[in-house]
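Structure first, commentary second.
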Amino acid sequence: MTKLMSILAASALAVSVSAVTFAADDKTQDQTSTPRTQQDPARAPADQSKQDQEYLVALKKCDGLQDAAKQKCIDQAKQKYNRM
């Protein structure tokens, strides 16, 4: 009977400690998920994204050219899309 009481007491202690730890873990997760007030730099405005896509298309057109013509094409694309 004494062993049974010891096992039950140890189990109750283990459950109470794990419950406290679990509750503390929930609080730290709430802190990390607070919304940021600054705009995410990975998000670009729609018009900027479209301009980036057009710039990449212009650079793809330069891939088929050779040497000086290719460099001139790249320079023109950079100038047109303000990518100096």
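By convention here, the chains of the structure tokens are called A, B, ... in the order presented, each chain's residues are numbered starting at 1, and ligands are numbered starting at 1 in the order presented.
Using only C-alpha atoms, the protein and nucleic acid residues lying no more than 9 Å from A:Ala77, apart from those fewer than 5 places from it along its own chain, are Tyr55, Leu56, Ala58, Leu59, Cys62, Lys72, Asn82 and Arg83 of chain A.
Interatomic distance, atom CA of A:Asp75 to atom CA of A:Gln48: 19.8 Å.
Each of A:Met1, A:Val57, A:Ala68, A:Ala12 was compared to A:Tyr81 using only C-alpha atoms, and A:Val57 turns out to be the nearest.
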